[in-house]
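First up is the structure itself, then whatever we jot down about it.
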Protein chains: 2
Amino acid sequence: MNGNYNDVVVTSRVRLARNVDGLPYPYKLNDDRAALLARKVCDAVNKKHTDGSENDYALYRMESISDIDGGVLREKHLISADLLENRKYGAAVINGSETVSIMVGEEDHIREQCILQGFALPEAYKAVNGIDDDISKVLKFAYDPKLGYLTSCPTNIGTGMRASAMMFLPGLSVTRNLEQCVGAVARLNMTIRGVYGEGSESDGYLYQISNQKTLGVSEQEILASVQASIGHIAEAELRARDELYKQSETAIKDRILRSYGILCHAYTIDSKEFMKLLAMVKLGAYYGLIKVSDMQRLEKLVTDGQPANILNLSGKKDVGAEERDIFRAAYVSKTLKSICKR
Amino acid sequence: MNGNYNDVVVTSRVRLARNVDGLPYPYKLNDDRAALLARKVCDAVNKKHTDGSENDYALYRMESISDIDGGVLREKHLISADLLENRKYGAAVINGSETVSIMVGEEDHIREQCILQGFALPEAYKAVNGIDDDISKVLKFAYDPKLGYLTSCPTNIGTGMRASAMMFLPGLSVTRNLEQCVGAVARLNMTIRGVYGEGSESDGYLYQISNQKTLGVSEQEILASVQASIGHIAEAELRARDELYKQSETAIKDRILRSYGILCHAYTIDSKEFMKLLAMVKLGAYYGLIKVSDMQRLEKLVTDGQPANILNLSGKKDVGAEERDIFRAAYVSKTLKSICKR
């Protein structure tokens, strides 16, 4: 087993749910007060550093965002579908590198999150903690000495923290060992679910693992338990990939190389099939069947291929599904040819 | 419609059935007399020309031919399955360029055939006629002034001639217009059947069109009627290809380019799928979606990919189906990459 956790953990994410003391919960918040809150949050994080550099957070108001721009942010996991679809007065404050996103007026007043590439939960926690400190200097959070941070939904009360990882699990999925793994992590109070849907092959075998409990445990305890669960699943996944290769070498090689051939040559492709085939190319990169010069670019392609992102990349606004799928095929083929070699 | 008949007619073939006067029909022919007949035929055609050059016919006896070598000749349409499987004392006399083949001891004593690339029935007729003259100089054919040449099976009596073309008909097949075409040529006393099987997509959309009648018509009449039928079908096929492209451009482009991608990258492929995908690549070459520098090489690949031929090309004798399919995939990919460009 030569792989490491970064071959399995695509991104690590920590988010904190916060509410402002004395302010009605978002579903009761009116237009003006919501707008003011978003502005305050944005100003709080856009501070100048001692070296003279400045943070580059931008404010996106859901009221005025276009369908494509909103979809792009949602597909990048920077905002939730709930914020985009149901929170007219909601907003998001996002930094230039798109690692930090603060949703304002979603289920809670403020949801701070940091997403980092690979297996980097402690780093994500550190970053979001810094943001939390900055915001707490200008806003008084609703906090109960006994319960901890108060939230709109009781499942988030306490630390208000959710730590999660997006994991790429083709080995466990194809060898049908995922169920067993899910059972094991469920006993550790973890939740596992598909990132783009059911977590099936057409969703790229991407699963999100996160803690279920936020109350009665410390932030460090949550981090440690999620880390342990990720490690457990990552090791099982790496073993499953080895097993898969040993047991069905011809079949898996063929499936991977055909997937690559189709992605390099198809004239049109929808997002579900794209996800399914790209997952195989990623697995092929892991096995060394396809040499990839830039794994981050390959990983970014997953997001680039989503409907709103690909539309955005096409530079066109009013194209139908047929033209979009043709553009996706050409974009994917061009990208793969620039970073892959057999 | 920019295509010509050579885009549709893969090969043209004429064969003549002959029997030797006074000799029992093959199913009653014994070992020694059959062997002697084969030798006589081979010597008759291996004549020296006036310019000093010599014909290069070789004699293959079914009694001693290996499974692979026999399969190779059968897949190249140089001998029949009947000769290979049921005629222990049968033989074939084949020239070096594999355009002329004379089967000895099949259903008739002698079956002379010439196969040429493309739409070339008159040329094939001329060649086989020359062979027939050479053989008639050393053997007296069974001939009845009223009936013509006598044959083992009454359906061949008269001229003993069958003229045929192997046609590539993806347009008529995909647009489901083949039935209608078959009906039209059946009224002209033609037979149409799949070359490698049912003539389905997994057989590469290859169909053989040939005359049904041999009695009461002259050789020239047979040639003219088969020519007319081929022309009729070829024009319908070219129209169908145009129609297919106009009506389903995205779908047919996608199917062609994916087929090409799979053939260039698959790790293993069986012969049925190979035929199906290669047919799409040939159609892609016709549409100009794939640039092919050597169409004859592409056409030869159809035969190269058949089970015995690919085994022969692998240079190995005792390999199982799995290893053979892996070799086929690599051979096809390498060949396509050397002659195709998108």
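By order of appearance in the structure tokens: chains A, B, ..., then residues from 1 within every chain, and ligands from 1 in the order shown.
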(request) May I have the residues of chain B within 10 Å of chain A, counting only C-alpha atoms, written as a PyMOL selection string? (result) chain B and resi 250-269+322-323+326+329+342
C-alpha atoms of the current selection, written as a CSV table (one decimal), in the first residue's frame:
```csv
chain,number,residue,atom,x,y,z
B,250,THR,CA,-24.3,15.6,-32.3
B,251,ALA,CA,-25.2,12.0,-31.6
B,252,ILE,CA,-23.4,10.5,-34.6
B,253,LYS,CA,-20.3,12.7,-34.1
B,254,ASP,CA,-20.2,11.7,-30.4
B,255,ARG,CA,-20.6,8.0,-31.2
B,256,ILE,CA,-17.9,8.1,-33.8
B,257,LEU,CA,-15.4,10.0,-31.6
B,258,ARG,CA,-16.1,7.9,-28.5
B,259,SER,CA,-15.6,4.7,-30.6
B,260,TYR,CA,-12.3,6.2,-31.7
B,261,GLY,CA,-11.3,7.1,-28.1
B,262,ILE,CA,-12.1,3.6,-26.8
B,263,LEU,CA,-10.2,1.9,-29.6
B,264,CYS,CA,-7.2,4.1,-28.9
B,265,HIS,CA,-7.2,3.5,-25.2
B,266,ALA,CA,-9.0,0.3,-24.2
B,267,TYR,CA,-6.9,-2.3,-22.4
B,268,THR,CA,-8.8,-5.3,-23.7
B,269,ILE,CA,-11.4,-5.7,-26.5
B,322,GLU,CA,-8.0,-12.9,-22.2
B,323,GLU,CA,-4.5,-12.5,-23.4
B,326,ILE,CA,-5.4,-7.6,-24.5
B,329,ALA,CA,-6.5,-3.8,-27.9
B,342,ARG,CA,-8.4,14.1,-35.3
```
(message) What parts of region 21-225 of chain B does DSSP call alpha helix (DSSP H)? I'd like the answer as an NGL selection string.
(response) :B and (31-45 or 67-75 or 81-86 or 121-136 or 170-174 or 178-187 or 219-225)
(request) Show which residues sit within 10 Å of Val138 (chain A), as number ranges by chain. Count only C-alpha atoms, and ignore same-chain residues fewer than 5 positions away. (result) A: 40-41, 43-45, 133
Would you please give, as a tab-separated table (two decimals) with all heavy atoms, in the first residue's frame, all residues of region 86-229 of chain A that DSSP assigns to strand (DSSP E or B) based on the backbone?
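Output saved as out_36.tsv:
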```tsv
chain	number	residue	atom	x	y	z
A	91	ALA	N	-26.32	36.52	2.26
A	91	ALA	CA	-25.13	36.99	1.58
A	91	ALA	C	-23.98	36.06	1.89
A	91	ALA	O	-24.07	35.22	2.79
A	91	ALA	CB	-24.80	38.41	2.02
A	92	ALA	N	-22.90	36.18	1.12
A	92	ALA	CA	-21.71	35.38	1.40
A	92	ALA	C	-20.49	36.29	1.29
A	92	ALA	O	-20.44	37.16	0.42
A	92	ALA	CB	-21.58	34.22	0.43
A	93	VAL	N	-19.55	36.09	2.19
A	93	VAL	CA	-18.32	36.86	2.22
A	93	VAL	C	-17.19	35.85	1.96
A	93	VAL	O	-17.00	34.92	2.74
A	93	VAL	CB	-18.15	37.54	3.60
A	93	VAL	CG1	-16.80	38.24	3.69
A	93	VAL	CG2	-19.30	38.52	3.86
A	94	ILE	N	-16.53	36.00	0.81
A	94	ILE	CA	-15.61	34.95	0.36
A	94	ILE	C	-14.26	35.56	0.00
A	94	ILE	O	-14.20	36.61	-0.66
A	94	ILE	CB	-16.21	34.23	-0.88
A	94	ILE	CG1	-17.56	33.60	-0.50
A	94	ILE	CG2	-15.25	33.18	-1.42
A	94	ILE	CD1	-18.37	33.09	-1.68
A	100	VAL	N	-11.93	30.49	2.27
A	100	VAL	CA	-12.81	30.88	3.38
A	100	VAL	C	-14.10	31.47	2.84
A	100	VAL	O	-14.08	32.27	1.90
A	100	VAL	CB	-12.11	31.90	4.32
A	100	VAL	CG1	-13.08	32.38	5.40
A	100	VAL	CG2	-10.87	31.29	4.95
A	101	SER	N	-15.20	31.03	3.42
A	101	SER	CA	-16.50	31.57	3.04
A	101	SER	C	-17.33	31.78	4.30
A	101	SER	O	-17.37	30.90	5.17
A	101	SER	CB	-17.20	30.59	2.10
A	101	SER	OG	-18.58	30.85	2.09
A	102	ILE	N	-17.95	32.93	4.41
A	102	ILE	CA	-18.82	33.20	5.56
A	102	ILE	C	-20.21	33.48	5.01
A	102	ILE	O	-20.42	34.45	4.28
A	102	ILE	CB	-18.32	34.42	6.37
A	102	ILE	CG1	-16.87	34.18	6.80
A	102	ILE	CG2	-19.22	34.65	7.59
A	102	ILE	CD1	-16.04	35.44	6.82
A	103	MET	N	-21.15	32.58	5.31
A	103	MET	CA	-22.53	32.81	4.88
A	103	MET	C	-23.24	33.62	5.95
A	103	MET	O	-23.13	33.33	7.15
A	103	MET	CB	-23.26	31.48	4.68
A	103	MET	CG	-22.77	30.72	3.44
A	103	MET	SD	-23.88	29.36	2.99
A	103	MET	CE	-23.57	28.25	4.34
A	104	VAL	N	-23.97	34.64	5.51
A	104	VAL	CA	-24.72	35.48	6.44
A	104	VAL	C	-26.20	35.31	6.13
A	104	VAL	O	-26.60	35.43	4.97
A	104	VAL	CB	-24.30	36.97	6.31
A	104	VAL	CG1	-25.11	37.84	7.27
A	104	VAL	CG2	-22.82	37.13	6.57
A	110	ILE	N	-24.58	33.67	11.08
A	110	ILE	CA	-23.25	33.59	10.49
A	110	ILE	C	-22.76	32.14	10.47
A	110	ILE	O	-22.88	31.44	11.47
A	110	ILE	CB	-22.24	34.44	11.31
A	110	ILE	CG1	-22.70	35.91	11.29
A	110	ILE	CG2	-20.83	34.31	10.75
A	110	ILE	CD1	-21.93	36.78	12.26
A	111	ARG	N	-22.28	31.72	9.30
A	111	ARG	CA	-21.65	30.40	9.21
A	111	ARG	C	-20.28	30.59	8.59
A	111	ARG	O	-20.18	30.92	7.40
A	111	ARG	CB	-22.50	29.47	8.35
A	111	ARG	CG	-23.78	29.06	9.05
A	111	ARG	CD	-24.02	27.59	8.86
A	111	ARG	NE	-25.03	27.11	9.76
A	111	ARG	CZ	-25.59	25.89	9.64
A	111	ARG	NH1	-25.23	25.12	8.64
A	111	ARG	NH2	-26.48	25.48	10.51
A	112	GLU	N	-19.27	30.39	9.40
A	112	GLU	CA	-17.90	30.58	8.94
A	112	GLU	C	-17.33	29.23	8.52
A	112	GLU	O	-17.44	28.26	9.26
A	112	GLU	CB	-17.04	31.13	10.09
A	112	GLU	CG	-17.66	32.32	10.79
A	112	GLU	CD	-17.22	32.46	12.25
A	112	GLU	OE1	-16.41	31.64	12.72
A	112	GLU	OE2	-17.71	33.38	12.92
A	113	GLN	N	-16.75	29.18	7.34
A	113	GLN	CA	-16.14	27.90	6.97
A	113	GLN	C	-14.80	28.10	6.27
A	113	GLN	O	-14.56	29.12	5.63
A	113	GLN	CB	-17.06	27.05	6.09
A	113	GLN	CG	-17.13	27.52	4.64
A	113	GLN	CD	-17.63	26.43	3.69
A	113	GLN	OE1	-18.27	25.48	4.07
A	113	GLN	NE2	-17.31	26.58	2.41
A	114	CYS	N	-13.95	27.11	6.45
A	114	CYS	CA	-12.69	27.09	5.70
A	114	CYS	C	-12.56	25.73	5.04
A	114	CYS	O	-12.74	24.69	5.70
A	114	CYS	CB	-11.51	27.35	6.64
A	114	CYS	SG	-9.94	27.20	5.77
A	115	ILE	N	-12.32	25.70	3.72
A	115	ILE	CA	-12.07	24.45	2.98
A	115	ILE	C	-10.65	24.47	2.48
A	115	ILE	O	-10.24	25.42	1.81
A	115	ILE	CB	-12.95	24.30	1.71
A	115	ILE	CG1	-14.41	24.58	1.99
A	115	ILE	CG2	-12.77	22.92	1.10
A	115	ILE	CD1	-15.29	24.31	0.75
A	116	LEU	N	-9.90	23.42	2.76
A	116	LEU	CA	-8.54	23.31	2.23
A	116	LEU	C	-8.38	22.01	1.46
A	116	LEU	O	-9.09	21.03	1.70
A	116	LEU	CB	-7.51	23.35	3.38
A	116	LEU	CG	-7.48	24.65	4.21
A	116	LEU	CD1	-6.47	24.51	5.36
A	116	LEU	CD2	-7.12	25.85	3.33
A	117	GLN	N	-7.48	21.99	0.49
A	117	GLN	CA	-7.19	20.79	-0.29
A	117	GLN	C	-6.57	19.72	0.61
A	117	GLN	O	-5.77	20.03	1.49
A	117	GLN	CB	-6.17	21.10	-1.39
A	117	GLN	CG	-6.63	22.13	-2.42
A	117	GLN	CD	-7.70	21.60	-3.34
A	117	GLN	OE1	-7.59	20.48	-3.81
A	117	GLN	NE2	-8.75	22.38	-3.56
A	141	PHE	N	-21.59	37.42	19.97
A	141	PHE	CA	-22.27	36.17	19.63
A	141	PHE	C	-23.21	35.73	20.75
A	141	PHE	O	-22.92	35.97	21.93
A	141	PHE	CB	-21.24	35.05	19.39
A	141	PHE	CG	-20.41	35.25	18.16
A	141	PHE	CD1	-19.07	34.88	18.14
A	141	PHE	CD2	-20.96	35.80	17.00
A	141	PHE	CE1	-18.29	35.05	17.00
A	141	PHE	CE2	-20.19	35.97	15.86
A	141	PHE	CZ	-18.85	35.61	15.86
A	143	TYR	N	-24.34	33.37	23.28
A	143	TYR	CA	-23.54	32.33	23.93
A	143	TYR	C	-24.10	32.08	25.32
A	143	TYR	O	-24.39	33.02	26.07
A	143	TYR	CB	-22.09	32.81	24.03
A	143	TYR	CG	-21.14	31.79	24.60
A	143	TYR	CD1	-20.57	30.79	23.80
A	143	TYR	CD2	-20.79	31.84	25.96
A	143	TYR	CE1	-19.69	29.87	24.33
A	143	TYR	CE2	-19.91	30.90	26.49
A	143	TYR	CZ	-19.36	29.92	25.68
A	143	TYR	OH	-18.49	29.00	26.21
A	144	ASP	N	-24.26	30.82	25.66
A	144	ASP	CA	-24.74	30.45	26.99
A	144	ASP	C	-23.60	29.74	27.71
A	144	ASP	O	-23.05	28.77	27.17
A	144	ASP	CB	-25.96	29.53	26.85
A	144	ASP	CG	-26.48	29.08	28.20
A	144	ASP	OD1	-25.89	28.10	28.75
A	144	ASP	OD2	-27.43	29.70	28.70
A	148	GLY	N	-23.08	26.74	25.61
A	148	GLY	CA	-22.12	27.13	24.56
A	148	GLY	C	-22.80	28.05	23.55
A	148	GLY	O	-23.75	28.78	23.90
A	149	TYR	N	-22.36	28.01	22.29
A	149	TYR	CA	-22.94	28.88	21.26
A	149	TYR	C	-24.37	28.44	20.97
A	149	TYR	O	-24.66	27.25	20.84
A	149	TYR	CB	-22.09	28.83	19.99
A	149	TYR	CG	-20.76	29.50	20.17
A	149	TYR	CD1	-19.61	28.75	20.40
A	149	TYR	CD2	-20.66	30.90	20.14
A	149	TYR	CE1	-18.38	29.37	20.60
A	149	TYR	CE2	-19.43	31.52	20.34
A	149	TYR	CZ	-18.30	30.76	20.57
A	149	TYR	OH	-17.11	31.38	20.78
A	158	GLY	N	-23.78	24.36	21.09
A	158	GLY	CA	-22.56	23.92	21.80
A	158	GLY	C	-21.34	24.56	21.16
A	158	GLY	O	-21.15	25.77	21.25
A	161	MET	N	-19.77	23.63	15.81
A	161	MET	CA	-18.72	23.25	14.86
A	161	MET	C	-19.02	21.95	14.13
A	161	MET	O	-19.52	20.99	14.70
A	161	MET	CB	-17.41	23.07	15.62
A	161	MET	CG	-16.27	22.57	14.76
A	161	MET	SD	-14.69	22.79	15.64
A	161	MET	CE	-13.85	21.28	15.25
A	162	ARG	N	-18.77	21.98	12.85
A	162	ARG	CA	-18.80	20.74	12.08
A	162	ARG	C	-17.47	20.62	11.33
A	162	ARG	O	-17.08	21.55	10.62
A	162	ARG	CB	-19.98	20.72	11.10
A	162	ARG	CG	-20.05	19.44	10.26
A	162	ARG	CD	-21.49	19.04	9.97
A	162	ARG	NE	-22.16	18.54	11.17
A	162	ARG	CZ	-23.44	18.71	11.47
A	162	ARG	NH1	-24.21	19.40	10.67
A	162	ARG	NH2	-23.95	18.19	12.57
A	163	ALA	N	-16.81	19.51	11.56
A	163	ALA	CA	-15.56	19.23	10.83
A	163	ALA	C	-15.87	18.12	9.85
A	163	ALA	O	-16.55	17.15	10.19
A	163	ALA	CB	-14.48	18.79	11.80
A	164	SER	N	-15.42	18.28	8.61
A	164	SER	CA	-15.75	17.25	7.63
A	164	SER	C	-14.64	17.09	6.61
A	164	SER	O	-13.75	17.94	6.48
A	164	SER	CB	-17.06	17.60	6.91
A	164	SER	OG	-16.89	18.77	6.14
A	165	ALA	N	-14.70	15.99	5.90
A	165	ALA	CA	-13.76	15.76	4.81
A	165	ALA	C	-14.54	15.25	3.62
A	165	ALA	O	-15.50	14.49	3.77
A	165	ALA	CB	-12.71	14.73	5.22
A	166	MET	N	-14.14	15.70	2.42
A	166	MET	CA	-14.71	15.13	1.20
A	166	MET	C	-13.73	14.05	0.77
A	166	MET	O	-12.56	14.32	0.51
A	166	MET	CB	-14.85	16.19	0.12
A	166	MET	CG	-15.47	15.62	-1.15
A	166	MET	SD	-16.16	16.91	-2.21
A	166	MET	CE	-14.69	17.46	-3.08
A	167	MET	N	-14.22	12.82	0.74
A	167	MET	CA	-13.33	11.70	0.45
A	167	MET	C	-13.70	11.02	-0.87
A	167	MET	O	-14.87	10.89	-1.20
A	167	MET	CB	-13.39	10.69	1.60
A	167	MET	CG	-13.02	11.32	2.94
A	167	MET	SD	-12.92	10.11	4.30
A	167	MET	CE	-11.32	9.37	3.98
A	168	PHE	N	-12.68	10.59	-1.59
A	168	PHE	CA	-12.83	9.92	-2.89
A	168	PHE	C	-12.70	8.41	-2.62
A	168	PHE	O	-11.62	7.93	-2.31
A	168	PHE	CB	-11.73	10.42	-3.83
A	168	PHE	CG	-11.71	9.76	-5.17
A	168	PHE	CD1	-12.85	9.67	-5.96
A	168	PHE	CD2	-10.52	9.23	-5.67
A	168	PHE	CE1	-12.81	9.07	-7.21
A	168	PHE	CE2	-10.47	8.63	-6.92
A	168	PHE	CZ	-11.62	8.55	-7.69
A	190	MET	N	-20.30	9.64	13.51
A	190	MET	CA	-20.02	10.35	12.26
A	190	MET	C	-21.18	10.14	11.28
A	190	MET	O	-21.90	9.14	11.35
A	190	MET	CB	-18.74	9.82	11.60
A	190	MET	CG	-17.48	10.03	12.41
A	190	MET	SD	-17.05	11.77	12.54
A	190	MET	CE	-16.70	11.86	14.31
A	191	THR	N	-21.32	11.07	10.36
A	191	THR	CA	-22.30	10.95	9.29
A	191	THR	C	-21.55	10.85	7.98
A	191	THR	O	-20.55	11.55	7.79
A	191	THR	CB	-23.19	12.21	9.25
A	191	THR	OG1	-23.80	12.35	10.52
A	191	THR	CG2	-24.26	12.09	8.18
A	192	ILE	N	-22.02	9.99	7.09
A	192	ILE	CA	-21.39	9.91	5.77
A	192	ILE	C	-22.48	10.04	4.71
A	192	ILE	O	-23.55	9.44	4.82
A	192	ILE	CB	-20.57	8.59	5.61
A	192	ILE	CG1	-19.87	8.52	4.25
A	192	ILE	CG2	-21.43	7.36	5.84
A	192	ILE	CD1	-18.76	7.46	4.23
A	193	ARG	N	-22.24	10.89	3.72
A	193	ARG	CA	-23.25	11.05	2.65
A	193	ARG	C	-22.58	11.48	1.35
A	193	ARG	O	-21.46	12.00	1.36
A	193	ARG	CB	-24.32	12.06	3.06
A	193	ARG	CG	-23.79	13.45	3.29
A	193	ARG	CD	-24.93	14.43	3.58
A	193	ARG	NE	-24.41	15.78	3.75
A	193	ARG	CZ	-24.09	16.61	2.78
A	193	ARG	NH1	-24.25	16.24	1.52
A	193	ARG	NH2	-23.60	17.82	3.02
A	194	GLY	N	-23.28	11.23	0.24
A	194	GLY	CA	-22.75	11.61	-1.07
A	194	GLY	C	-22.62	13.12	-1.18
A	194	GLY	O	-23.46	13.85	-0.66
A	206	LEU	N	-17.69	10.49	-4.47
A	206	LEU	CA	-17.28	11.49	-3.48
A	206	LEU	C	-18.24	11.46	-2.29
A	206	LEU	O	-19.45	11.54	-2.46
A	206	LEU	CB	-17.26	12.87	-4.12
A	206	LEU	CG	-16.17	13.07	-5.17
A	206	LEU	CD1	-16.38	14.37	-5.94
A	206	LEU	CD2	-14.79	13.06	-4.52
A	207	TYR	N	-17.69	11.33	-1.10
A	207	TYR	CA	-18.49	11.23	0.12
A	207	TYR	C	-18.01	12.25	1.13
A	207	TYR	O	-16.81	12.52	1.22
A	207	TYR	CB	-18.36	9.83	0.73
A	207	TYR	CG	-18.90	8.75	-0.18
A	207	TYR	CD1	-18.11	8.23	-1.19
A	207	TYR	CD2	-20.20	8.29	-0.03
A	207	TYR	CE1	-18.61	7.25	-2.05
A	207	TYR	CE2	-20.71	7.32	-0.87
A	207	TYR	CZ	-19.90	6.80	-1.88
A	207	TYR	OH	-20.40	5.85	-2.72
A	208	GLN	N	-18.98	12.79	1.89
A	208	GLN	CA	-18.59	13.70	2.96
A	208	GLN	C	-18.75	13.01	4.30
A	208	GLN	O	-19.80	12.46	4.60
A	208	GLN	CB	-19.45	14.96	2.93
A	208	GLN	CG	-19.00	15.96	3.99
A	208	GLN	CD	-19.86	17.19	4.03
A	208	GLN	OE1	-19.69	18.10	3.23
A	208	GLN	NE2	-20.81	17.22	4.95
A	209	ILE	N	-17.69	13.03	5.08
A	209	ILE	CA	-17.71	12.47	6.43
A	209	ILE	C	-17.66	13.64	7.40
A	209	ILE	O	-16.80	14.52	7.28
A	209	ILE	CB	-16.49	11.53	6.67
A	209	ILE	CG1	-16.70	10.21	5.95
A	209	ILE	CG2	-16.32	11.24	8.15
A	209	ILE	CD1	-16.29	10.21	4.53
A	210	SER	N	-18.60	13.67	8.37
A	210	SER	CA	-18.59	14.77	9.33
A	210	SER	C	-19.10	14.31	10.69
A	210	SER	O	-19.75	13.27	10.80
A	210	SER	CB	-19.47	15.91	8.81
A	210	SER	OG	-20.80	15.48	8.70
A	211	ASN	N	-18.80	15.11	11.70
A	211	ASN	CA	-19.29	14.77	13.05
A	211	ASN	C	-20.77	15.07	13.17
A	211	ASN	O	-21.30	15.98	12.53
A	211	ASN	CB	-18.52	15.57	14.11
A	211	ASN	CG	-18.72	17.07	13.94
A	211	ASN	OD1	-18.45	17.60	12.88
A	211	ASN	ND2	-19.19	17.74	14.98
```
(request) Find the residues around Met62 (chain A) up to 9 Å (only C-alpha atoms counted), leave out those fewer than 4 positions away in its own chain, and share them as a list in words. (result) Ser66, Gly70, Leu83, Leu84, Glu85, Arg87, Lys88, Tyr89, Gly90, Ala91 and Ala92 of chain A
(message) Would you pick out the contacts of Gln220 (chain A) at 12 Å or less, using only C-alpha atoms, so that residues sharing its chain but fewer than 3 positions from it are not included, and give the list as number ranges by chain?
(response) A: 14, 121-122, 125-126, 159, 161-163, 214, 216-217, 223-227
Expected file contents, prior selection, N, CA, C and O atoms, as a short mmCIF file (atom, residue, chain, number, x, y, z; two decimals), in the first residue's frame:
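Saved as out-v4.cif:
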```cif
data_model
loop_
_atom_site.label_atom_id
_atom_site.label_comp_id
_atom_site.auth_asym_id
_atom_site.auth_seq_id
_atom_site.Cartn_x
_atom_site.Cartn_y
_atom_site.Cartn_z
N VAL A 14 -13.86 22.91 7.96
CA VAL A 14 -14.40 23.15 9.31
C VAL A 14 -15.34 24.34 9.22
O VAL A 14 -15.02 25.34 8.57
N LEU A 121 -7.34 19.02 8.22
CA LEU A 121 -8.36 19.47 9.16
C LEU A 121 -7.82 20.46 10.20
O LEU A 121 -8.46 21.50 10.43
N PRO A 122 -6.67 20.21 10.82
CA PRO A 122 -6.16 21.16 11.82
C PRO A 122 -5.91 22.54 11.21
O PRO A 122 -6.23 23.56 11.83
N TYR A 125 -9.15 24.26 10.71
CA TYR A 125 -9.68 24.70 12.01
C TYR A 125 -9.00 25.99 12.44
O TYR A 125 -9.65 26.94 12.89
N LYS A 126 -7.67 26.04 12.26
CA LYS A 126 -6.90 27.21 12.67
C LYS A 126 -7.37 28.44 11.90
O LYS A 126 -7.58 29.52 12.47
N THR A 159 -20.58 23.75 20.46
CA THR A 159 -19.44 24.32 19.74
C THR A 159 -19.88 24.99 18.45
O THR A 159 -19.19 25.85 17.91
N MET A 161 -19.77 23.63 15.81
CA MET A 161 -18.72 23.25 14.86
C MET A 161 -19.02 21.95 14.13
O MET A 161 -19.52 20.99 14.70
N ARG A 162 -18.77 21.98 12.85
CA ARG A 162 -18.80 20.74 12.08
C ARG A 162 -17.47 20.62 11.33
O ARG A 162 -17.08 21.55 10.62
N ALA A 163 -16.81 19.51 11.56
CA ALA A 163 -15.56 19.23 10.83
C ALA A 163 -15.87 18.12 9.85
O ALA A 163 -16.55 17.15 10.19
N THR A 214 -22.40 18.14 18.36
CA THR A 214 -21.70 19.40 18.55
C THR A 214 -21.77 19.83 20.01
O THR A 214 -21.09 20.75 20.43
N GLY A 216 -21.62 19.13 24.19
CA GLY A 216 -21.04 18.26 25.21
C GLY A 216 -19.68 17.72 24.83
O GLY A 216 -19.15 16.82 25.48
N VAL A 217 -19.15 18.22 23.74
CA VAL A 217 -17.79 17.83 23.35
C VAL A 217 -17.02 19.10 23.02
O VAL A 217 -17.62 20.09 22.59
N LEU A 223 -12.52 17.54 16.45
CA LEU A 223 -11.43 17.42 15.48
C LEU A 223 -10.77 16.05 15.55
O LEU A 223 -10.56 15.39 14.51
N ALA A 224 -10.47 15.62 16.77
CA ALA A 224 -9.78 14.34 16.95
C ALA A 224 -10.63 13.18 16.46
O ALA A 224 -10.13 12.27 15.78
N SER A 225 -11.93 13.22 16.75
CA SER A 225 -12.77 12.08 16.35
C SER A 225 -12.97 12.05 14.83
O SER A 225 -12.97 10.99 14.21
N VAL A 226 -13.11 13.24 14.21
CA VAL A 226 -13.26 13.25 12.75
C VAL A 226 -11.95 12.82 12.09
O VAL A 226 -11.95 12.01 11.15
N GLN A 227 -10.84 13.31 12.63
CA GLN A 227 -9.52 12.90 12.11
C GLN A 227 -9.39 11.38 12.16
O GLN A 227 -8.93 10.75 11.21
#
```
(request) Enter the distance from CA of Gly71 (chain A) to CA of Lys47 (chain A), in Å, rounded to one decimal. (result)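 Between CA of Gly71 (chain A) and CA of Lys47 (chain A) the gap works out to 28.1 Å.
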(request) Write out as a PyMOL selection string the residues lying within 9 Å of Leu283 (chain B), counting only C-alpha atoms and excluding same-chain residues fewer than 4 positions away. (result) chain B and resi 170-171+241+256+278-279+287-290
(request) Compare A:Asn129, A:Ser271, A:Gln212, A:Ser80 by their minimum atom-to-atom distance to Pro307 (chain A), counting only C-alpha atoms, and give me the closest one. (result) A:Ser271
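Pairwise distance (CA of Asp51 (chain B), CA of Arg39 (chain B)) equals 24.6 Å.
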(message) As an exercise, work out the distance from CA of Ala124 (chain A) to CA of Leu16 (chain A) in Å and give it to one decimal place.
(response)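 One can read the CA of Ala124 (chain A) to CA of Leu16 (chain A) distance as 11.3 Å.
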(message) Need to verify the contact set: Asn309 (chain A), 9 Å, only C-alpha atoms, exclusion of same-chain residues closer than 2 positions in sequence. Can you return it as a list of chain:residue names?
(response)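 Result of the neighbour search: A:Ile68, A:Asp69, A:Gly71, A:Val72, A:Leu73, A:Glu75, A:Lys76, A:Thr303, A:Asp304, A:Gly305, A:Gln306, A:Pro307, A:Leu311, A:Asn312, A:Leu313, A:Ser314.
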(request) Could you tell me which of A:Gly105, A:Gly96, A:Gly231, A:Pro145 comes closest to Asp82 (chain A) if we count only C-alpha atoms? (result)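 Looking only at the distances to Asp82 (chain A), the closest residue turns out to be A:Gly105.
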